[in-house]
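K.L.:
As input, take start05.txt (compact mmCIF, C-alpha atoms):
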```txt
# COMPACT_ATOMS: atom_id res chain seq x y z
CA MET Z 30 -3.47 -21.06 -15.28
CA ASN Z 31 -6.61 -21.27 -13.14
CA GLY Z 32 -4.81 -19.34 -10.41
CA LEU Z 33 -4.00 -16.51 -12.82
CA ILE Z 34 -7.63 -16.34 -13.91
CA ALA Z 35 -8.76 -16.12 -10.29
CA LEU Z 36 -6.46 -13.16 -9.72
CA GLU Z 37 -7.42 -11.29 -12.88
CA HIS Z 38 -9.87 -9.09 -11.01
CA TYR Z 39 -7.05 -6.88 -9.76
CA TYR Z 40 -3.67 -8.57 -9.28
CA THR Z 41 -2.73 -8.60 -12.94
CA ARG Z 42 -0.58 -6.41 -15.17
CA LYS Z 43 -3.23 -5.70 -17.80
CA PRO Z 44 -6.88 -6.10 -16.76
CA THR Z 45 -9.22 -7.30 -19.51
CA SER Z 46 -12.50 -6.66 -17.69
CA LYS Z 47 -14.83 -3.96 -18.99
CA LEU Z 48 -13.92 -0.58 -17.49
CA ILE Z 49 -16.52 0.86 -15.15
CA VAL Z 50 -15.73 3.85 -12.95
CA LYS Z 51 -17.43 4.79 -9.69
CA LYS Z 52 -16.71 7.90 -7.63
CA VAL Z 53 -16.23 7.68 -3.86
CA ASN Z 54 -15.38 10.16 -1.10
CA LEU Z 55 -13.26 9.75 2.02
CA VAL Z 56 -13.86 12.12 4.92
CA LEU Z 57 -11.20 12.00 7.65
CA LYS Z 58 -11.83 12.59 11.33
CA ASN Z 59 -10.40 16.09 10.90
CA GLY Z 60 -13.10 16.83 8.33
CA ARG Z 61 -10.86 16.88 5.27
CA LEU Z 62 -12.43 15.46 2.11
CA TYR Z 63 -10.64 13.35 -0.50
CA ARG Z 64 -12.28 12.30 -3.77
CA PHE Z 65 -11.46 9.22 -5.81
CA GLU Z 66 -12.43 7.64 -9.09
CA THR Z 67 -12.36 3.86 -8.62
CA PRO Z 68 -12.12 1.61 -11.71
CA SER Z 69 -13.31 -1.96 -12.09
CA GLY Z 70 -10.47 -4.46 -12.20
CA VAL Z 71 -8.71 -2.68 -9.32
CA PHE Z 72 -8.88 -3.57 -5.62
CA SER Z 73 -11.73 -1.99 -3.64
CA PHE Z 74 -13.75 -0.93 -6.67
CA GLY Z 75 -16.56 1.42 -5.75
CA LYS Z 76 -15.71 1.74 -2.06
CA ILE Z 77 -13.15 2.77 0.53
CA ASP Z 78 -11.88 -0.46 2.05
CA LYS Z 79 -11.71 -0.61 5.84
CA ALA Z 80 -8.10 -1.78 6.03
CA SER Z 81 -6.76 1.10 3.95
CA ARG Z 82 -8.65 3.58 6.08
CA VAL Z 83 -7.25 2.04 9.26
CA LEU Z 84 -3.71 2.30 7.90
CA ILE Z 85 -4.22 5.92 6.84
CA GLU Z 86 -5.56 6.90 10.26
CA ASN Z 87 -2.89 5.07 12.26
CA ALA Z 88 0.29 5.17 10.15
CA VAL Z 89 3.41 6.40 11.92
CA VAL Z 90 4.62 8.91 9.35
CA GLU Z 91 8.38 9.24 9.62
CA GLY Z 92 11.26 10.49 7.53
CA LYS Z 93 10.98 12.22 4.17
CA LYS Z 94 10.29 9.47 1.63
CA LEU Z 95 7.25 7.17 1.62
CA LEU Z 96 6.54 4.30 -0.78
CA ASP Z 97 2.94 3.09 -1.11
CA LEU Z 98 3.60 -0.40 -2.46
CA GLY Z 99 0.72 -1.98 -4.39
CA CYS Z 100 -1.10 1.34 -4.34
CA GLY Z 101 -4.34 0.36 -6.09
CA TYR Z 102 -6.18 3.51 -7.14
CA GLY Z 103 -3.98 5.52 -4.78
CA ILE Z 104 -5.92 6.12 -1.59
CA ILE Z 105 -3.12 5.55 0.97
CA GLY Z 106 -0.35 7.50 -0.73
CA ILE Z 107 -2.61 10.35 -1.82
CA VAL Z 108 -4.16 10.91 1.59
CA LEU Z 109 -0.84 10.64 3.46
CA LYS Z 110 0.63 13.18 1.06
CA GLY Z 111 -2.37 15.47 1.50
CA GLU Z 112 -2.04 15.29 5.27
CA ASN Z 113 1.77 15.63 5.21
CA PRO Z 114 2.61 18.10 2.39
CA ASP Z 115 6.38 17.96 2.99
CA LEU Z 116 6.46 14.18 2.55
CA GLU Z 117 7.85 12.81 -0.73
CA VAL Z 118 5.42 10.10 -1.81
CA TYR Z 119 6.09 7.35 -4.32
CA MET Z 120 3.53 4.78 -5.44
CA SER Z 121 3.54 1.68 -7.61
CA ASP Z 122 1.29 -1.18 -8.67
CA ILE Z 123 1.47 -4.13 -11.05
CA ASN Z 124 -1.95 -3.22 -12.48
CA GLU Z 125 -1.76 -0.64 -15.28
CA ARG Z 126 -5.36 0.44 -14.64
CA ALA Z 127 -4.49 1.08 -10.99
CA VAL Z 128 -1.54 3.22 -12.03
CA ARG Z 129 -3.64 5.18 -14.51
CA TYR Z 130 -6.30 5.98 -11.92
CA SER Z 131 -3.76 6.74 -9.20
CA LYS Z 132 -2.51 9.50 -11.51
CA ILE Z 133 -6.07 10.70 -12.14
CA ASN Z 134 -6.81 10.73 -8.40
CA ALA Z 135 -3.58 12.55 -7.58
CA ARG Z 136 -4.64 15.36 -9.93
CA LEU Z 137 -8.18 15.25 -8.54
CA ASN Z 138 -6.83 15.84 -5.02
CA ASN Z 139 -4.13 18.34 -6.06
CA VAL Z 140 -1.11 16.38 -4.87
CA PHE Z 141 2.13 15.66 -6.71
CA LEU Z 142 3.42 12.09 -6.53
CA ASP Z 143 5.83 9.81 -8.39
CA ILE Z 144 3.64 6.94 -9.64
CA ARG Z 145 5.05 3.97 -11.57
CA LYS Z 146 3.92 0.61 -12.94
CA GLY Z 147 5.59 -2.65 -11.91
CA ALA Z 148 5.42 -5.68 -9.65
CA PHE Z 149 7.14 -5.78 -6.28
CA PHE Z 150 10.10 -3.35 -6.35
CA GLU Z 151 10.65 -3.49 -10.13
CA PRO Z 152 10.10 0.26 -10.61
CA TRP Z 153 12.42 1.29 -7.78
CA LYS Z 154 15.60 -0.79 -8.18
CA ALA Z 155 18.19 0.88 -5.90
CA SER Z 156 15.76 3.39 -4.36
CA VAL Z 157 15.61 3.66 -0.56
CA PHE Z 158 12.67 4.95 1.48
CA ASP Z 159 12.07 5.98 5.09
CA MET Z 160 8.69 4.29 5.18
CA ILE Z 161 6.90 1.65 3.11
CA SER Z 162 3.15 1.23 3.52
CA LEU Z 163 1.42 -1.93 2.33
CA ASN Z 164 -2.15 -3.17 2.17
CA PRO Z 165 -1.09 -6.55 0.77
CA PRO Z 166 -2.87 -8.30 -2.12
CA MET Z 167 -4.04 -11.29 -0.08
CA SER Z 168 -5.86 -12.80 -3.06
CA ALA Z 169 -2.54 -13.06 -4.87
CA GLY Z 170 -1.45 -15.72 -2.41
CA LYS Z 171 0.99 -16.13 0.43
CA ARG Z 172 4.08 -16.35 -1.77
CA VAL Z 173 3.46 -12.92 -3.31
CA VAL Z 174 2.78 -11.26 0.04
CA LEU Z 175 5.85 -12.80 1.69
CA ARG Z 176 8.05 -11.69 -1.19
CA MET Z 177 6.89 -8.10 -0.69
CA ILE Z 178 7.87 -8.31 2.97
CA GLN Z 179 11.19 -10.01 2.29
CA GLU Z 180 12.29 -7.51 -0.36
CA SER Z 181 11.12 -4.41 1.50
CA ILE Z 182 14.03 -4.35 3.95
CA LYS Z 183 16.49 -3.75 1.09
CA HIS Z 184 14.57 -0.59 0.17
CA LEU Z 185 14.43 0.96 3.65
CA SER Z 186 16.88 3.38 5.20
CA ASN Z 187 18.39 2.50 8.57
CA GLY Z 188 15.61 3.27 11.05
CA GLY Z 189 13.01 3.15 8.28
CA SER Z 190 9.80 1.18 8.77
CA LEU Z 191 7.52 -1.21 6.96
CA GLN Z 192 3.87 -0.72 7.97
CA VAL Z 193 1.40 -3.39 6.88
CA VAL Z 194 -2.36 -3.55 7.44
CA ALA Z 195 -4.29 -6.83 7.46
CA PHE Z 196 -7.14 -8.73 9.08
CA HIS Z 197 -5.22 -10.66 11.73
CA ASN Z 198 -7.28 -13.85 11.46
CA LYS Z 199 -7.32 -13.78 7.65
CA GLY Z 200 -3.62 -13.95 6.97
CA GLY Z 201 -2.37 -11.18 9.20
CA SER Z 202 -0.86 -13.61 11.69
CA TYR Z 203 1.55 -15.07 9.12
CA ILE Z 204 2.42 -11.56 7.93
CA LYS Z 205 3.32 -10.52 11.46
CA LYS Z 206 5.46 -13.63 11.87
CA ALA Z 207 7.26 -12.99 8.59
CA MET Z 208 7.97 -9.39 9.55
CA ARG Z 209 9.43 -10.47 12.88
CA GLU Z 210 11.65 -13.05 11.18
CA ARG Z 211 12.87 -10.66 8.49
CA PHE Z 212 13.38 -7.52 10.59
CA GLY Z 213 13.96 -9.00 14.03
CA ASN Z 214 11.13 -6.87 15.42
CA VAL Z 215 7.43 -6.14 14.91
CA LYS Z 216 4.77 -4.25 16.86
CA ASP Z 217 1.02 -3.81 16.54
CA ILE Z 218 0.44 -0.06 16.25
CA CYS Z 219 -3.32 -0.46 15.91
CA LYS Z 220 -5.99 -3.08 16.63
CA THR Z 221 -9.58 -2.46 15.59
CA GLY Z 222 -12.41 -4.64 14.31
CA GLY Z 223 -10.10 -7.55 13.58
CA ILE Z 224 -7.75 -5.32 11.60
CA ARG Z 225 -4.19 -4.68 12.72
CA VAL Z 226 -1.38 -2.45 11.54
CA TYR Z 227 2.03 -4.07 12.00
CA ARG Z 228 5.23 -2.03 12.06
CA SER Z 229 8.78 -3.32 11.68
CA VAL Z 230 11.90 -1.16 11.71
CA ARG Z 231 15.15 -1.78 9.86
CA ARG Z 232 17.98 -1.66 12.35
CA ASP Z 233 21.41 -1.79 10.77
CA GLU Z 234 23.91 -2.65 13.49
CA ARG Z 235 26.75 -1.47 11.28
CA ALA Z 236 25.40 2.10 11.09
```
How would this structure read if it were set down as structure tokens?
P.N.:
Amino acid sequence: MNGLIALEHYYTRKPTSKLIVKKVNLVLKNGRLYRFETPSGVFSFGKIDKASRVLIENAVVEGKKLLDLGCGYGIIGIVLKGENPDLEVYMSDINERAVRYSKINARLNNVFLDIRKGAFFEPWKASVFDMISLNPPMSAGKRVVLRMIQESIKHLSNGGSLQVVAFHNKGGSYIKKAMRERFGNVKDICKTGGIRVYRSVRRDERA
């Protein structure tokens, strides 16, 4: 029970904290501006977190269908859609407040996305994607993060990739190891300020 209370700040289905909303802006290196409303009770309230920005700026965008897993208030999926208009973007989060504000932020930035509520891959069932992006909920614990990695391979097309951002010395090392074990491959596609983006590719030998 104490563990659930500790996670209530954002990794919970129905936040009970008082709703406070702060507006933030993200300006990319190319000068494009994205605006977000960030609610309390959702990860990175009131700010653009460094890891998400690193993933956005270094993601290897491939294929036609992207899933932003554990999307929070929507920054990764929304910006990648804005920068890649032909990309089909899907987003989901366990937190109903995160889902609500992802929809608000999608409208705010004039992008169309499929946004659903649910833990892990509950909302997607048999869906398959060409790319899954993940800024994992480290506060939810190792078991939750590893489950996300383990289940992701079943929702990737052959040649599709899982791209995960993390602070390498704050849990990233075990994430990288788990990706290598599950996929048989993993590469660092970015290293900056202690943050790394890891990329694993599903390779189906039968295809």
K.L.:
Taking only C-alpha atoms into account, produce a table as a tab-separated table in which each residue of segment 121-205 of chain Z with an atom at most 12 Å from an atom of segment 218-227 of chain Z appears once, together with its shortest atom pair and the distance in Å to one decimal, ordered by chain and rising number.
P.N.:
```
residue	atom	partner	partner_atom	distance
Z:Ile161	CA	Z:Tyr227	CA	11.6
Z:Ser162	CA	Z:Val226	CA	9.9
Z:Leu163	CA	Z:Val226	CA	9.6
Z:Asn164	CA	Z:Val226	CA	9.4
Z:Pro165	CA	Z:Val226	CA	11.5
Z:Ile178	CA	Z:Tyr227	CA	11.6
Z:Ser190	CA	Z:Tyr227	CA	9.9
Z:Leu191	CA	Z:Tyr227	CA	8.0
Z:Gln192	CA	Z:Tyr227	CA	5.6
Z:Val193	CA	Z:Tyr227	CA	5.2
Z:Val194	CA	Z:Val226	CA	4.4
Z:Ala195	CA	Z:Ile224	CA	5.6
Z:Phe196	CA	Z:Ile224	CA	4.3
Z:His197	CA	Z:Ile224	CA	5.9
Z:Asn198	CA	Z:Gly223	CA	7.2
Z:Lys199	CA	Z:Gly223	CA	9.0
Z:Gly200	CA	Z:Ile224	CA	10.6
Z:Gly201	CA	Z:Arg225	CA	7.6
Z:Ser202	CA	Z:Arg225	CA	9.6
Z:Tyr203	CA	Z:Tyr227	CA	11.4
Z:Ile204	CA	Z:Tyr227	CA	8.5
Z:Lys205	CA	Z:Tyr227	CA	6.6
```
K.L.:
Have a look at atom CA of Ser131 of chain Z and atom CA of Ile105 of chain Z and let me know their distance in Å, one decimal.
P.N.:
10.3 Å
K.L.:
Quick one: residues within 6 Å of Arg42 of chain Z, all atoms listed in the file, excluding same-chain residues fewer than 6 positions away - as a PyMOL selection string?
P.N.:
chain Z and resi 123-125
K.L.:
Would you write out those residues with C-alpha atoms, as a PDB file, in the frame of the given file?
P.N.:
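Writing the result to out.pdb gives the following:
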```pdb
ATOM      1  CA  ILE Z 123       1.470  -4.130 -11.050  1.00  0.00           C
ATOM      2  CA  ASN Z 124      -1.950  -3.220 -12.480  1.00  0.00           C
ATOM      3  CA  GLU Z 125      -1.760  -0.640 -15.280  1.00  0.00           C
TER       4      GLU Z 125
END
```
K.L.:
Find the distance between atom CA of Phe150 of chain Z and atom CA of His184 of chain Z and write it in Å to one decimal.
P.N.:
8.4 Å
K.L.:
With a distance cut-off of 7 Å and all atoms listed in the file, select the neighbouring residues of Asn138 of chain Z, excluding the residue or stretch itself and same-chain residues fewer than 4 positions from it, and output the selection as a ChimeraX atom specification.
P.N.:
/Z:63-64,134
K.L.:
Just write the chosen residues, C-alpha atoms, as a PDB file, keeping the file's coordinate frame.
P.N.:
```pdb
ATOM      1  CA  TYR Z  63     -10.640  13.350  -0.500  1.00  0.00           C
ATOM      2  CA  ARG Z  64     -12.280  12.300  -3.770  1.00  0.00           C
ATOM      3  CA  ASN Z 134      -6.810  10.730  -8.400  1.00  0.00           C
TER       4      ASN Z 134
END
```
K.L.:
Identify, on the basis of only C-alpha atoms, every residue whose closest approach to segment 86-102 of chain Z does not exceed 7 Å; exclude the query and any residue fewer than 2 positions from it along the same chain; express the result as a PDB file with C-alpha atoms, keeping the file's coordinate frame.
P.N.:
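File selection-v1.pdb, as written:
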```pdb
ATOM      1  CA  THR Z  67     -12.360   3.860  -8.620  1.00  0.00           C
ATOM      2  CA  VAL Z  71      -8.710  -2.680  -9.320  1.00  0.00           C
ATOM      3  CA  PHE Z  72      -8.880  -3.570  -5.620  1.00  0.00           C
ATOM      4  CA  ARG Z  82      -8.650   3.580   6.080  1.00  0.00           C
ATOM      5  CA  VAL Z  83      -7.250   2.040   9.260  1.00  0.00           C
ATOM      6  CA  LEU Z  84      -3.710   2.300   7.900  1.00  0.00           C
ATOM      7  CA  ILE Z 104      -5.920   6.120  -1.590  1.00  0.00           C
ATOM      8  CA  ILE Z 105      -3.120   5.550   0.970  1.00  0.00           C
ATOM      9  CA  GLY Z 106      -0.350   7.500  -0.730  1.00  0.00           C
ATOM     10  CA  LEU Z 116       6.460  14.180   2.550  1.00  0.00           C
ATOM     11  CA  GLU Z 117       7.850  12.810  -0.730  1.00  0.00           C
ATOM     12  CA  VAL Z 118       5.420  10.100  -1.810  1.00  0.00           C
ATOM     13  CA  TYR Z 119       6.090   7.350  -4.320  1.00  0.00           C
ATOM     14  CA  MET Z 120       3.530   4.780  -5.440  1.00  0.00           C
ATOM     15  CA  SER Z 121       3.540   1.680  -7.610  1.00  0.00           C
ATOM     16  CA  ASP Z 122       1.290  -1.180  -8.670  1.00  0.00           C
ATOM     17  CA  ALA Z 127      -4.490   1.080 -10.990  1.00  0.00           C
ATOM     18  CA  VAL Z 128      -1.540   3.220 -12.030  1.00  0.00           C
ATOM     19  CA  TYR Z 130      -6.300   5.980 -11.920  1.00  0.00           C
ATOM     20  CA  SER Z 131      -3.760   6.740  -9.200  1.00  0.00           C
ATOM     21  CA  PHE Z 158      12.670   4.950   1.480  1.00  0.00           C
ATOM     22  CA  ASP Z 159      12.070   5.980   5.090  1.00  0.00           C
ATOM     23  CA  MET Z 160       8.690   4.290   5.180  1.00  0.00           C
ATOM     24  CA  ILE Z 161       6.900   1.650   3.110  1.00  0.00           C
ATOM     25  CA  SER Z 162       3.150   1.230   3.520  1.00  0.00           C
ATOM     26  CA  LEU Z 163       1.420  -1.930   2.330  1.00  0.00           C
ATOM     27  CA  CYS Z 219      -3.320  -0.460  15.910  1.00  0.00           C
TER      28      CYS Z 219
END
```
K.L.:
Name the closest residue to Ile107 of chain Z among the candidates Z:Arg172, Z:Arg126, Z:Lys154, Z:Arg136; distances are taken between atoms, counting all atoms listed in the file.
P.N.:
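The answer is Z:Arg136, which sits nearest to Ile107 of chain Z.
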